[in-house]
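All remarks here apply to the structure that follows.
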Amino acid sequence: MNSSEISIKEESMEPSMMQQVTASTVDPVDLEKKIIELCTEFPQGITDQMILVTVPSASASQRQSALNRLLSLGKVDLFKNPQGALLFKLKDTKVAGLSDSDSQEKVLYQIIKEAGNKGIWSRDIRYKSNLVLTQVNKILKSLESKKLIKAVNAVNAPKKKVYMLNELEPDSSVTGGAWYSDQDFESEFVQVLNQQCHKFMQQKALSAKERYPDDPLAQRAASYASSKEVLSFIIELGISKITLSVQDIEAILNTLIYDGKAEKNVVGGAGVEIGQQSLYRAVPPLVPPTGLVRVPCGVCPVIKDCRLGSDISPATCQYMKDWLSF
């Protein structure tokens, strides 16, 4: 929405705000300062109702004039919230590379900035800005050429791009995290990590058995390992070219639990506490797993995105083909 071309009308104000209060009691300059202060206090945006509460003596026409003047001066931007109500935000004037005369660029930049490292689709940008698609695409190309934003392909929708600020690192929900490289799932890498994590816990269980041959309870306690210990083991092996986090290792350990190869024990207090810790240990299977239990869907990390007709589909799944041919 181009704020330089917008004129707020009294009809856009809420009906309850149309009551005329003594016009001489509010100085226009003071009212504009109050609106700026309110926008600074609430960077996510303010409504006309909030202005009325802050300056109850200001009439609808006075608020209209003050807002139109601030828009024309480029001090605030105008948006619409999901309910369709007008929302006023303080304009970010500290962004290097943005033209002072192009308010549309600033509006789109602000929308993309608010999306953070998860990004935002061009369709949502168009909805929030109220600009036509051709304008949106033109401005996005301009912002990209100025290195202010970048387009990132999301793993859950490879044919669509999300936009975020150029300096941000995309969220793992966008890139797929450690398990994806150029939008391809690194199945071999995950399998190697799975095997090495299981091997580490088996070695720890064997060591505990040798250390406490006559004490089953001590054996059990000594066979547990934290996810940090497993991560340290993986780092020492040097099998990963990327930096793995504790959360990444816990995701692998969870697949071992689903396979019946490990179990988890949470210690350190009840509920979600700061000192709470998850411990893992290898366990022998009680019975050989049945064919249905070995279905790859049970441990697939992208099962939520798997459906017929999509890029991730059971019809094209190599793991499913291998399992069926086994």
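Labels for the structure tokens follow display order: chains A, B, ..., residues from 1 in each chain, ligands from 1.
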Alpha helix (DSSP H) per DSSP on the backbone: members of range 65-314 of chain A, as a PyMOL selection string | chain A and resi 65-72+103-115+122-129+133-145+172-175+187-211+216-222+227-237+246-258
Spatial neighbours of Leu131 in chain A, max dist 12 Å, only C-alpha atoms, sep filter under 6 positions, as a VMD selection string = chain A and resid 1 to 3 79 104 to 105 107 to 108 122 to 125 137 to 140
From the set A:Leu71, A:Ala157, A:Leu193, A:Ile312, which residue has the shortest atom-to-atom contact distance to Ile235 in chain A, counting only C-alpha atoms?
->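 Of all the options, A:Leu193 lies closest to Ile235 in chain A.
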Considering only C-alpha atoms, state which residue in the set A:Ala218, A:Ala58, A:Val53, A:Val190 is at the smallest distance from Pro28 in chain A.
-> A:Ala58
